[in-house]
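Notes follow once the structure below has been shown.
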Amino acid sequence: MSLICAISNEVPEHPCVSPVSNQVFERRLVEKYIAENGADPVTGQPLSEEQLVDIKVSHPIRPKAPSSTSIPAILKALQDEWDAVMLHSFTLRQQLQTTRQELSHALYQHDAACRVIARLTKEVTAAREALATLKPQAGLVVPQAAPASQPVAVGAGGEPIEISEQVGMTPEIIQKLQDKATVLTTERKKRGKTVPEELVRAEDLSKYRQVASHVGLHSASVPGILSLDLCPTDTNKVLTGGADKNVVVFDKREEQIVATLKGHAKKVTSVIYHPSQSVVFSASPDSTIRVWSVSGGNCAQVIRAHEAGVTGLSLHATGDYLLSSSEDQFWAFSDIQTGRVLTKVTDETAGCALTCAQFHPDGLIFGTGTADSQIKIWDLKERTNVANFPGHSGPVTAIAFSENGYYLATGAQDSSLKLWDLRKLKNFKTITLDSGYEVKSLVFDQSGTYLAVAGSDIRVYVCKQWSEVLNFTDHSGLVTGVAFGEHAQFLTSAGMDRSLKFYSL
């Protein structure tokens, strides 16, 4: 006798009978049904596992299912199984696509939230700076001669320092500038035309090669170093300003970052290292000039001398005053100790943005470049334009005075380098560079023997002969800054490829 399970219609391995319906079941299957429904599978009446009665039989030999007794039947079974697997795979792919869409939406929401947080943080910072600006200006009388907003000085703790009204160019300041110029002129006459014995000779300079490259100073997300300067009294101290809004102080000897200074709202386009103090300066298109303490790693002052982006910075030989140029067409002369703008002047007849500014070594005159290709020489004491050098055909991008004070080098977007004699007020040499060459930086070494040009590449010329002795193409992007080490014992450069490079024997 063979018993057939009422659920599976197959011979059960462990048969049992239900006293409710008197049907035979596979115990394993009926227990599952009872656990889920609590009733007899056939009649639907209440039934528990304890009510089931086991049937004692010898283990039967199961007959093969009729559907698998022929090859076509077996192939049909395999086909059905394959179809089921494909349907299951399709369902899984649909679920995966849905999960991917949900993940993408979640990531988009996260990115949007990060952008909102960044914007709100920026707005809070701007509001705080605006509040700091309003506090010291509450009781000020702004002179008619200077339409600029008052500067804001910030103490070491971040609190604004109260600033009284602008004092202008007092006789004491003018006398201080004159005394310093007299000392510098006397020292220059004593040196005469002799060059330091330690100065590297041109034949050795021509053998310079890249000896080091550092790319970790500034952020990789916003690549590019836009400005470079060395400490005049210790050229192992390197200062850079980046497109990531940060100012970085780097120690060449230790090959490590000394300080990363954060505070600008936009990229940093000009930097200066103070020769005798642990202080650096930076300027940005965010219209501010910041004075930083390197040792403290904080912003000591914010000078708001301009209404538009600051395009140039130059430190006076006294180390106490800062010259700045701006897209607002003004140049400003500020006291770095107090943060006051002492004077602010524009050439009303020109009506053109200033692109760069540089003090003459004596500090009584200085030069500015303009967006309409003019170079203007100014008398600081009289605050008047005393000479103009036309000749370029594009915006002036860089100017540099030689150490002896006789020569002025200028570069513009016309792929040329011009040299001017300040005694005769004329252009005596024009160096035509490669077509499309962009001049971004010009600098004489401390002795005035060599002139370095940075832009599409790096070139070094010997002054007087104006012959090229070096040409470096190691940067993969535009070179934005170049500087000489002490006695030209090394050369350093920075560029849009985010690297700071050093060259020497």
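Lettering and numbering for the structure tokens are positional, with chains as A, B, ... in the shown order, residues counted from 1 in each chain, and ligands counted from 1 in the shown order.
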> Could you pull the residues within 12 Å of Val386 (chain A), counting only C-alpha atoms, minus those fewer than 4 positions along the same chain, as a PyMOL selection string?
Replying inline: chain A and resi 347+364-368+375-382+422+425
Could you dump the residues just selected with all heavy atoms as a tab-separated table (two decimals), in the first residue's frame?
```
chain	number	residue	atom	x	y	z
A	347	ASP	N	44.65	108.66	-10.97
A	347	ASP	CA	44.84	109.56	-12.10
A	347	ASP	C	43.48	109.71	-12.77
A	347	ASP	O	43.05	108.85	-13.55
A	347	ASP	CB	45.87	108.97	-13.07
A	347	ASP	CG	46.19	109.92	-14.22
A	347	ASP	OD1	45.48	110.94	-14.35
A	347	ASP	OD2	47.13	109.64	-14.98
A	364	LEU	N	61.12	106.82	-2.55
A	364	LEU	CA	60.48	108.12	-2.73
A	364	LEU	C	59.63	108.16	-4.00
A	364	LEU	O	58.77	109.03	-4.14
A	364	LEU	CB	61.52	109.25	-2.76
A	364	LEU	CG	62.21	109.55	-1.43
A	364	LEU	CD1	63.17	110.72	-1.58
A	364	LEU	CD2	61.18	109.86	-0.34
A	365	ILE	N	59.90	107.28	-4.92
A	365	ILE	CA	59.07	107.16	-6.10
A	365	ILE	C	58.66	105.70	-6.27
A	365	ILE	O	59.26	104.80	-5.66
A	365	ILE	CB	59.77	107.66	-7.39
A	365	ILE	CG1	61.01	106.79	-7.70
A	365	ILE	CG2	60.14	109.13	-7.29
A	365	ILE	CD1	61.63	107.09	-9.05
A	366	PHE	N	57.66	105.48	-7.06
A	366	PHE	CA	57.24	104.11	-7.33
A	366	PHE	C	56.55	104.07	-8.69
A	366	PHE	O	56.21	105.12	-9.27
A	366	PHE	CB	56.29	103.58	-6.24
A	366	PHE	CG	55.00	104.34	-6.10
A	366	PHE	CD1	53.88	104.00	-6.84
A	366	PHE	CD2	54.90	105.42	-5.22
A	366	PHE	CE1	52.69	104.70	-6.73
A	366	PHE	CE2	53.72	106.12	-5.10
A	366	PHE	CZ	52.61	105.76	-5.85
A	367	GLY	N	56.39	102.87	-9.20
A	367	GLY	CA	55.76	102.69	-10.51
A	367	GLY	C	54.48	101.89	-10.41
A	367	GLY	O	54.35	101.01	-9.54
A	368	THR	N	53.55	102.18	-11.29
A	368	THR	CA	52.33	101.38	-11.40
A	368	THR	C	52.10	101.02	-12.86
A	368	THR	O	52.45	101.78	-13.76
A	368	THR	CB	51.09	102.14	-10.88
A	368	THR	OG1	50.91	103.34	-11.63
A	368	THR	CG2	51.22	102.49	-9.40
A	375	ILE	N	52.82	102.67	-18.14
A	375	ILE	CA	53.59	102.59	-16.89
A	375	ILE	C	53.71	104.01	-16.36
A	375	ILE	O	54.16	104.91	-17.07
A	375	ILE	CB	54.99	101.97	-17.11
A	375	ILE	CG1	54.87	100.52	-17.57
A	375	ILE	CG2	55.79	102.04	-15.81
A	375	ILE	CD1	55.05	100.33	-19.03
A	376	LYS	N	53.26	104.21	-15.12
A	376	LYS	CA	53.26	105.54	-14.53
A	376	LYS	C	54.22	105.58	-13.35
A	376	LYS	O	54.23	104.67	-12.52
A	376	LYS	CB	51.84	105.93	-14.06
A	376	LYS	CG	50.84	106.05	-15.19
A	376	LYS	CD	49.46	106.45	-14.68
A	376	LYS	CE	48.48	106.62	-15.83
A	376	LYS	NZ	48.80	107.78	-16.68
A	377	ILE	N	55.04	106.64	-13.31
A	377	ILE	CA	55.96	106.86	-12.20
A	377	ILE	C	55.39	107.97	-11.33
A	377	ILE	O	54.99	109.03	-11.83
A	377	ILE	CB	57.37	107.24	-12.70
A	377	ILE	CG1	57.88	106.20	-13.71
A	377	ILE	CG2	58.33	107.38	-11.53
A	377	ILE	CD1	58.02	104.81	-13.16
A	378	TRP	N	55.34	107.70	-10.00
A	378	TRP	CA	54.72	108.63	-9.07
A	378	TRP	C	55.73	109.12	-8.03
A	378	TRP	O	56.63	108.37	-7.62
A	378	TRP	CB	53.57	107.95	-8.32
A	378	TRP	CG	52.47	107.47	-9.20
A	378	TRP	CD1	52.45	106.31	-9.93
A	378	TRP	CD2	51.21	108.13	-9.44
A	378	TRP	NE1	51.27	106.20	-10.62
A	378	TRP	CE2	50.47	107.29	-10.34
A	378	TRP	CE3	50.63	109.30	-9.00
A	378	TRP	CZ2	49.21	107.62	-10.78
A	378	TRP	CZ3	49.35	109.63	-9.44
A	378	TRP	CH2	48.66	108.80	-10.33
A	379	ASP	N	55.55	110.39	-7.62
A	379	ASP	CA	56.31	110.96	-6.51
A	379	ASP	C	55.46	110.75	-5.25
A	379	ASP	O	54.34	111.26	-5.15
A	379	ASP	CB	56.56	112.45	-6.74
A	379	ASP	CG	57.43	113.06	-5.64
A	379	ASP	OD1	57.11	112.85	-4.45
A	379	ASP	OD2	58.40	113.76	-5.96
A	380	LEU	N	56.00	109.97	-4.29
A	380	LEU	CA	55.22	109.63	-3.11
A	380	LEU	C	54.95	110.85	-2.23
A	380	LEU	O	53.83	111.03	-1.74
A	380	LEU	CB	55.95	108.54	-2.31
A	380	LEU	CG	55.25	108.07	-1.02
A	380	LEU	CD1	53.85	107.53	-1.33
A	380	LEU	CD2	56.09	107.00	-0.34
A	381	LYS	N	55.96	111.69	-2.02
A	381	LYS	CA	55.78	112.84	-1.13
A	381	LYS	C	54.75	113.82	-1.67
A	381	LYS	O	53.91	114.34	-0.93
A	381	LYS	CB	57.13	113.56	-0.91
A	381	LYS	CG	58.15	112.74	-0.15
A	381	LYS	CD	59.34	113.59	0.27
A	381	LYS	CE	60.09	114.12	-0.95
A	381	LYS	NZ	61.27	114.93	-0.55
A	382	GLU	N	54.83	114.06	-2.99
A	382	GLU	CA	53.89	115.01	-3.60
A	382	GLU	C	52.60	114.35	-4.07
A	382	GLU	O	51.63	115.04	-4.42
A	382	GLU	CB	54.57	115.70	-4.80
A	382	GLU	CG	55.84	116.48	-4.42
A	382	GLU	CD	55.56	117.62	-3.47
A	382	GLU	OE1	54.45	118.20	-3.53
A	382	GLU	OE2	56.44	117.92	-2.65
A	422	LEU	N	65.72	105.30	-16.07
A	422	LEU	CA	65.00	106.29	-15.28
A	422	LEU	C	65.70	107.65	-15.28
A	422	LEU	O	65.08	108.66	-14.95
A	422	LEU	CB	64.83	105.79	-13.84
A	422	LEU	CG	63.99	104.51	-13.69
A	422	LEU	CD1	63.98	104.05	-12.25
A	422	LEU	CD2	62.57	104.75	-14.17
A	425	LEU	N	64.63	108.74	-18.87
A	425	LEU	CA	63.19	108.55	-19.06
A	425	LEU	C	62.86	108.03	-20.46
A	425	LEU	O	62.00	108.56	-21.17
A	425	LEU	CB	62.42	109.85	-18.78
A	425	LEU	CG	62.52	110.40	-17.35
A	425	LEU	CD1	61.75	111.70	-17.24
A	425	LEU	CD2	62.03	109.38	-16.35
```
Taking 4 positions as the minimum chain separation for residues in the same chain, which residues sit within 6 Å of region 6-15 of chain A when counting only C-alpha atoms? Answer as an mmCIF file with N, CA, C and O atoms, in the first residue's frame.
```
data_model
loop_
_atom_site.group_PDB
_atom_site.id
_atom_site.type_symbol
_atom_site.label_atom_id
_atom_site.label_comp_id
_atom_site.auth_asym_id
_atom_site.auth_seq_id
_atom_site.Cartn_x
_atom_site.Cartn_y
_atom_site.Cartn_z
ATOM 1 N N PHE A 25 -0.522 13.156 5.454
ATOM 2 C CA PHE A 25 0.347 14.287 5.096
ATOM 3 C C PHE A 25 1.817 13.939 5.353
ATOM 4 O O PHE A 25 2.117 13.051 6.167
ATOM 5 N N GLU A 26 2.698 14.638 4.640
ATOM 6 C CA GLU A 26 4.125 14.653 4.998
ATOM 7 C C GLU A 26 4.240 15.528 6.240
ATOM 8 O O GLU A 26 3.816 16.688 6.248
ATOM 9 N N ARG A 27 4.768 14.973 7.349
ATOM 10 C CA ARG A 27 4.795 15.709 8.623
ATOM 11 C C ARG A 27 5.507 17.068 8.464
ATOM 12 O O ARG A 27 5.055 18.080 9.005
ATOM 13 N N ILE A 55 2.227 7.596 11.289
ATOM 14 C CA ILE A 55 1.926 6.282 10.702
ATOM 15 C C ILE A 55 3.248 5.546 10.566
ATOM 16 O O ILE A 55 4.194 6.047 9.920
#
```
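Within region 178-265 of chain A, DSSP run on the backbone puts these residues in alpha helix (DSSP H): Gln178, Asp179, Lys180, Ala181, Thr182, Val183, Leu184, Thr185, Thr186, Glu187, Arg188, Lys189, Lys190, Arg191, Ala202, Glu203, Asp204 and Leu205 of chain A.
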Name the residues in contact with region 220-236 of chain A at a cut-off of 7 Å, using only C-alpha atoms, excluding same-chain residues fewer than 6 positions from it; report them as a CSV table (one decimal) with C-alpha atoms, in the first residue's frame.
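Output below, filename out_38.csv:
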```csv
chain,number,residue,atom,x,y,z
A,242,GLY,CA,47.4,80.2,-3.9
A,243,ALA,CA,44.1,79.9,-5.8
A,244,ASP,CA,42.8,78.0,-2.8
A,251,ASP,CA,61.1,76.5,5.0
A,252,LYS,CA,63.4,75.5,2.2
A,253,ARG,CA,66.1,74.2,4.5
A,268,VAL,CA,45.6,85.3,-3.1
A,269,THR,CA,47.4,87.2,-6.0
A,270,SER,CA,50.2,89.1,-4.1
A,271,VAL,CA,52.4,88.2,-1.2
A,272,ILE,CA,55.3,90.0,0.6
A,273,TYR,CA,57.6,88.7,3.3
A,274,HIS,CA,58.7,91.4,5.8
A,275,PRO,CA,62.6,91.6,5.9
A,480,THR,CA,53.4,82.9,-11.8
A,481,GLY,CA,56.3,83.8,-9.6
A,482,VAL,CA,60.1,83.7,-9.6
A,483,ALA,CA,62.7,84.8,-7.1
A,485,GLY,CA,68.1,83.3,-3.3
A,486,GLU,CA,70.8,85.2,-1.5
A,494,ALA,CA,55.9,78.7,-8.5
A,495,GLY,CA,53.2,78.0,-11.0
A,496,MET,CA,49.7,77.0,-11.9
A,497,ASP,CA,50.8,73.3,-11.7
A,498,ARG,CA,50.7,73.8,-7.9
```
> Between A:Val310, A:Thr240, A:Ser493, A:Gln51, which one has atoms that come closest to Glu31 (chain A), using only C-alpha atoms?
Replying inline: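 For Glu31 (chain A), the nearest of the candidates is A:Gln51.
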> Which residues, written as a PyMOL selection string, have at least one atom at most 10 Å from region 351-358 of chain A, with only C-alpha atoms counted and residues fewer than 5 positions away on the same chain left out?
Replying inline: chain A and resi 270+308-316+323-331+346+363+365-377+395-401
>> Could you tell me how far CA of His306 (chain A) sits from CA of Thr349 (chain A), in Å to one decimal place?
In response: 19.1 Å
>> Which residues are close to Val453 (chain A), i.e. within 6 Å by only C-alpha atoms, leaving aside same-chain residues fewer than 4 positions away? Reply as a PyMOL selection string.
In response: chain A and resi 441-442+458-459
>> Applying 8 Å and only C-alpha atoms, which residues near Val17 (chain A) remain after dropping the ones on its own chain fewer than 3 positions away? List them as an NGL selection string.
In response: :A and (22-25 or 52-55)
